[in-house]
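Participant: Before I ask anything, let me first share the structure, which is written out below as structure tokens.
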Amino acid sequence: MNTTGKILTGIWIAGVTVAAFLWLPPAQGFRSPEAARIVVFHVPCAVLTFVAFLVNAVYSWLYLRSRHPLTDAKANAAAELGMLFAVLATVTGSLFAMEQWGSAWNWDPRETSIVMLMLVYAAYFVLRGAVEEKSKRARLSAAYALLAFPAMVFLIWILPRIVESLHPTNTLFSRSGLDPSYRITLWSFFAGLLAVFVWMFRLRLRVELAEARLRQQHHHDAVAEVTLAGETR
Amino acid sequence: MNRSSGWVHEAFAVFAKDWLLELRTRVALGAVVLFAVTSVVASGFALAPPSGVPAEVKTALLWVVVFFAAVAGLSRVFVVEEETRTADSLRLAVSPTGVFVGKLLFNAVLMWGLCLVTVPLYLLLLEVPVRSASLFVTVVVLGSTALACATTAVGAIVAKATTRGALFGVLSFPVALPPLLVAIHGTKAAWLSGGAWRVATGDLQVLVGFILVIVPASLLVFEHIWSE
């Protein structure tokens, strides 16, 4: 992302944040209408968690087809960001749950499913830590990501519709679900957050590439040292 | 012989070979059944009437016992191939699909055997009143099959990893969780509610749907796990 893009993203997010507090009307019908504004920040985090998980699955699939190390790095970066946004969604959700439902944790199906999503990511990282060889690690973690994906689809999309939930269903895309002002602010914040996601994703890949270059450099130096030692002997 | 009946034939050959080996050593069987019996006896000792523990707790406990007993044994079927270094010859002799389906059948039968021992013992020791026996049996059969389906490919991943120790449990849990939650829900319906079949229809649908989704997904990625 270039400098203009970064500045625009910053201004955009700052603008949406200000709008969420000054322009957005308090949401009537909630226990504390003022606190309900957090929905505008909470839902985009949750949606982005799922998007990151989807990106991870797609790159895992592409890795199995191409076996390109960079594709594996992309899958890993998406999983790391997914974990970050899952934590953000959980924290913002808990804050609002405390206001609205009187307790920070209610074992609501959506709360359960985001904890499970974090468990999947954690298991994914544990697996990556458990395999030394790089190509094998990439292969196994990609396979695991693709196995966990259908299980998560069950948890996120089907379970909340079977078990009774405190969360509303079908509000995000339907016309009747949300007040238009809320819908506009929510999706605007999502757009800003998505830009941050892309930015961080690319930063993570640059770190990965820099590390690879350093390793290579180190390897070259080591080889040169050995050759030098051989020549001086 | 055409190609489709080829892998069916191979799968049954792998299945028969694995059970023959298992019946000689009884490692997986011993681990699974002993784990299950020990934990059922321990919970029976603590929770049998007149302890006053509600039946809801007992439904969850039953599936926790079944799940962790499964974790003790279900990865064995792949780990043993790596330990005895027979994986390569198996790779040469049998197609990946044949291997996976054979191992999946092995694990499913192992799970059914586990439930056959654990569940009656559990009902006996913890004195649970079951209101709909037919529904309960259906939930147990579908639930244990779904657990076997969810964890077989994970077992293949774990067998390839360098540190196997607790990895299978950690990796299995997220994948096995949807059927586990639904099985607990369905068991609760079978034990406690009248008109249980109506209450549990959604649960049974989810269990069948889960099996129908996770098996093709496993088959899709298994080739990449299995082939070097």
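Chain labels A, B, ... are given in the sequence in which chains occur in the structure tokens; within each chain residues are numbered consecutively from 1, and ligands are likewise numbered from 1 in the order shown.
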Taking only C-alpha atoms into account, find every residue of chain A that has an atom no more than 10 Å from chain B, and write it out as a VMD selection string.
Facilitator: chain A and resid 61 64 to 65 113 115 to 124 126 to 133 136 to 137 139 to 156 158 to 159 162 to 163
Participant: Go through stretch 9-207 of chain A and collect every residue that DSSP, computed from the backbone, puts in helix (DSSP H, G or I); the answer should be as a PyMOL selection string.
Facilitator: chain A and resi 9-22+35-66+69-100+109-130+134-162+180-207
Participant: Go ahead and compute the interatomic distance for atom CA of A:Glu225 and atom CA of A:Glu211, in Å to one decimal.
Facilitator: 20.7 Å
Participant: When distances are computed from only C-alpha atoms, which of B:Ser134, B:Ala70, B:Ala196, B:Thr201 shows the smallest separation from B:Gly30?
Facilitator: B:Ala70
Participant: Could you work out how far atom CA of A:Leu186 lies from atom CA of A:Ser94, giving the answer in Å with one decimal?
Facilitator: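 Those two atoms sit 18.2 Å apart.
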Participant: If you count only C-alpha atoms, which residues fall within 7 Å of B:Phe15, apart from same-chain ones fewer than 6 positions away, as number ranges by chain?
Facilitator: B: 102-103, 105-106
Participant: How many Å lie between atom CA of A:Ile114 and atom CA of A:Met83, rounded to one decimal?
Facilitator: 10.0 Å
Participant: Which residue gives the smallest distance to A:Phe85 among A:Lys6, A:Leu194, A:Leu70, A:Gly102, with only C-alpha atoms counted?
Facilitator: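 That would be A:Leu194, the residue with the smallest distance to A:Phe85.
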Participant: So that I can check the surroundings of B:Arg91, please list as a list of chain:residue names every protein, DNA and RNA residue that reaches within 10 Å of it, counting only C-alpha atoms and ignoring chain neighbours fewer than 4 positions away.
Facilitator: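 Final neighbour list, sorted by chain and number: B:Thr86, B:Ala87, B:Ser95, B:Pro96, B:Val99, B:Trp226, B:Ser227, B:Glu228.
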